[in-house]
Amino acid sequence: MSQFDASKGDCEYVQCAVCEKVITGGRWFARIKHGEWMVALCCPLCTEAFESKPHAYVRRIETVEFMRQSQRNSPLNE
């Protein structure tokens, strides 16, 4: 599961889509659905930042997830 996936209401661990702060126990300030992503936001400032440029933050999340998948599937990990 993605460290940014807040699609489940009872997430034990998720990171804020803007500042990447760890949010535990579902204690986010807000969750916003953008495209296929449901992201968690830790505070009003991060919510405002995300709402002003959601594509930039989602693109960064997608890049991080792509890099994680690439590392996981690398032949160097065998």
# chains A, B, ... in the order shown; residues from 1 in each chain; ligands from 1
call {"tool": "residues_around", "arguments": {"residues": "segment 45-62 of chain A", "least_positions_apart": "2", "cutoff": "8 Å", "atoms": "only C-alpha atoms", "output": "list in words"}}
result
Phe4, Cys16, Ala17, Val18, Cys19, Ala30, His34, Trp37, Leu41, Cys42, Cys43, Val64, Glu65 and Phe66 of chain A
call {"tool": "select_by_dssp", "arguments": {"residues": "chain A", "states": "strand (DSSP E)", "output": "CSV table (one decimal) with C-alpha atoms, in the first residue's frame"}}
result
chain,number,residue,atom,x,y,z
A,13,TYR,CA,-0.1,5.4,8.9
A,14,VAL,CA,-0.2,7.9,6.0
A,15,GLN,CA,1.8,10.8,5.0
A,22,VAL,CA,3.5,11.2,9.2
A,23,ILE,CA,-0.2,11.1,10.2
A,24,THR,CA,-1.2,8.2,12.4
A,30,ALA,CA,-8.7,16.7,5.8
A,31,ARG,CA,-8.8,14.1,3.0
A,32,ILE,CA,-9.3,15.1,-0.6
A,33,LYS,CA,-10.0,12.9,-3.6
A,34,HIS,CA,-8.1,14.0,-6.7
A,37,TRP,CA,-5.9,9.4,-5.3
A,38,MET,CA,-7.4,10.0,-1.9
A,39,VAL,CA,-4.8,12.1,0.0
A,40,ALA,CA,-4.5,13.1,3.6
A,41,LEU,CA,-3.6,16.6,4.7
call {"tool": "closest_residue", "arguments": {"among": "A:Thr63, A:Pro44, A:Phe29, A:Glu36", "to": "Ser7 of chain A", "atoms": "only C-alpha atoms"}}
result
A:Glu36
call {"tool": "closest_residue", "arguments": {"among": "A:Gln3, A:Gly35, A:Ser70, A:Lys8", "to": "Glu20 of chain A", "atoms": "only C-alpha atoms"}}
result
A:Gln3
call {"tool": "select_by_dssp", "arguments": {"residues": "chain A", "states": "helix (DSSP H, G or I)", "output": "number ranges by chain"}}
result
A: 44-52, 54-72, 75-77
call {"tool": "residues_around", "arguments": {"residues": "Gly26 of chain A", "least_positions_apart": "3", "cutoff": "7 Å", "atoms": "only C-alpha atoms", "output": "PyMOL selection string"}}
result
chain A and resi 9-12+23
